[in-house]
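K.L.:
Dropping in protein_22.pdb, with PDB, C-alpha atoms.
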```
MODEL        1
ATOM      1  CA  MET A   1     123.794 140.316 102.882
ATOM      2  CA  THR A   2     122.785 138.164  99.928
ATOM      3  CA  ASN A   3     119.930 139.022  97.674
ATOM      4  CA  PRO A   4     116.994 136.655  98.406
ATOM      5  CA  PHE A   5     115.834 136.886  94.797
ATOM      6  CA  SER A   6     119.097 135.403  93.540
ATOM      7  CA  LYS A   7     118.392 132.196  95.460
ATOM      8  CA  ILE A   8     114.880 132.060  94.034
ATOM      9  CA  ARG A   9     116.251 132.573  90.507
ATOM     10  CA  GLN A  10     118.884 129.867  91.062
ATOM     11  CA  PHE A  11     116.238 127.455  92.335
ATOM     12  CA  TYR A  12     114.024 128.153  89.317
ATOM     13  CA  GLN A  13     116.907 127.635  86.874
ATOM     14  CA  GLU A  14     117.888 124.338  88.522
ATOM     15  CA  MET A  15     114.272 123.233  88.514
ATOM     16  CA  VAL A  16     113.949 123.897  84.781
ATOM     17  CA  VAL A  17     117.134 121.909  84.089
ATOM     18  CA  GLU A  18     115.880 118.938  86.126
ATOM     19  CA  LEU A  19     112.428 119.007  84.497
ATOM     20  CA  LYS A  20     114.051 118.896  81.044
ATOM     21  CA  LYS A  21     115.839 115.693  82.103
ATOM     22  CA  SER A  22     112.518 114.040  82.974
ATOM     23  CA  SER A  23     110.802 111.668  80.599
ATOM     24  CA  TRP A  24     107.196 112.721  80.150
ATOM     25  CA  PRO A  25     104.480 110.207  79.232
ATOM     26  CA  THR A  26     102.942 110.227  75.791
ATOM     27  CA  ARG A  27      99.248 110.996  75.453
ATOM     28  CA  PRO A  28      98.191 107.319  75.098
ATOM     29  CA  GLU A  29     100.286 106.361  78.145
ATOM     30  CA  LEU A  30      98.681 109.155  80.141
ATOM     31  CA  VAL A  31      95.159 108.179  79.061
ATOM     32  CA  ASN A  32      95.804 104.534  79.981
ATOM     33  CA  SER A  33      97.186 105.544  83.375
ATOM     34  CA  VAL A  34      94.143 107.717  84.075
ATOM     35  CA  ILE A  35      91.810 104.853  83.128
ATOM     36  CA  VAL A  36      93.693 102.480  85.445
ATOM     37  CA  VAL A  37      93.440 104.993  88.298
ATOM     38  CA  PHE A  38      89.690 105.492  87.804
ATOM     39  CA  VAL A  39      89.041 101.735  87.622
ATOM     40  CA  ALA A  40      91.110 101.196  90.775
ATOM     41  CA  LEU A  41      89.202 103.985  92.542
ATOM     42  CA  GLY A  42      85.890 102.448  91.502
ATOM     43  CA  LEU A  43      86.881  98.994  92.734
ATOM     44  CA  LEU A  44      88.243 100.352  95.996
ATOM     45  CA  GLY A  45      85.134 102.470  96.506
ATOM     46  CA  ALA A  46      82.871  99.476  95.867
ATOM     47  CA  PHE A  47      84.898  97.336  98.282
ATOM     48  CA  VAL A  48      84.761  99.972 101.027
ATOM     49  CA  ALA A  49      81.022 100.483 100.515
ATOM     50  CA  LEU A  50      80.372  96.735 100.635
ATOM     51  CA  ALA A  51      82.563  96.279 103.727
ATOM     52  CA  ASP A  52      80.857  99.219 105.443
ATOM     53  CA  PHE A  53      77.410  97.802 104.664
ATOM     54  CA  ALA A  54      78.390  94.330 105.903
ATOM     55  CA  ILE A  55      79.959  95.599 109.135
ATOM     56  CA  TYR A  56      76.950  97.840 109.799
ATOM     57  CA  ASN A  57      74.578  94.890 109.414
ATOM     58  CA  VAL A  58      76.697  92.627 111.642
ATOM     59  CA  VAL A  59      76.823  95.268 114.382
ATOM     60  CA  ASP A  60      73.088  95.911 113.976
ATOM     61  CA  LEU A  61      72.381  92.164 114.288
ATOM     62  CA  LEU A  62      74.564  91.875 117.400
ATOM     63  CA  THR A  63      72.872  94.837 119.065
ATOM     64  CA  TRP A  64      69.493  93.307 118.203
ATOM     65  CA  PHE A  65      70.534  90.086 119.949
ATOM     66  CA  VAL A  66      71.842  91.978 123.000
ATOM     67  CA  LYS A  67      68.574  93.913 123.319
ATOM     68  CA  GLY A  68      66.634  90.667 123.415
ATOM     69  CA  GLY A  69      65.508  90.387 119.814
ATOM     70  CA  LYS A  70      62.442  92.569 120.153
TER
ENDMDL
END
```
Just give me the structure of the file as structure tokens.

P.N.:
Amino acid sequence: MTNPFSKIRQFYQEMVVELKKSSWPTRPELVNSVIVVFVALGLLGAFVALADFAIYNVVDLLTWFVKGGK
């Protein structure tokens, strides 16, 4: 029976080797990426809020017409 901890140790060692091969972003690149993500989230959030508001009003108007406009 093999030792389960040897497989965990092997996985960890291989993971460290692969992470050392990675190219990590510099601080300015990371800051710029974070800014882009936040701007994109803001625009997407505004679009979803506007679309939700518009669809709600269209459905509300249609139900008002169906009820007879009272």

K.L.:
Taking every listed atom of stretch 26-42 of chain A and adding 5 Å to each side, what centre and edge lengths in Å (one decimal) does the axis-aligned box have, as AutoDock Vina command-line options?

P.N.:
```
--center_x 94.4 --center_y 106.1 --center_z 83.8 --size_x 27.1 --size_y 19.8 --size_z 27.4
```

K.L.:
To one decimal place, how far is atom CA of A:Ser33 from atom CA of A:Tyr12 in Å?

P.N.:
28.8 Å

K.L.:
What gap, in Å, lies between atom CA of A:Leu50 and atom CA of A:Val66?

P.N.:
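Here the two named atoms are 24.4 Å from each other.
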
K.L.:
Figure out the distance between atom CA of A:Pro25 and atom CA of A:Gln10, please, to one decimal in Å.

P.N.:
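Distance between the two atoms: 27.1 Å.
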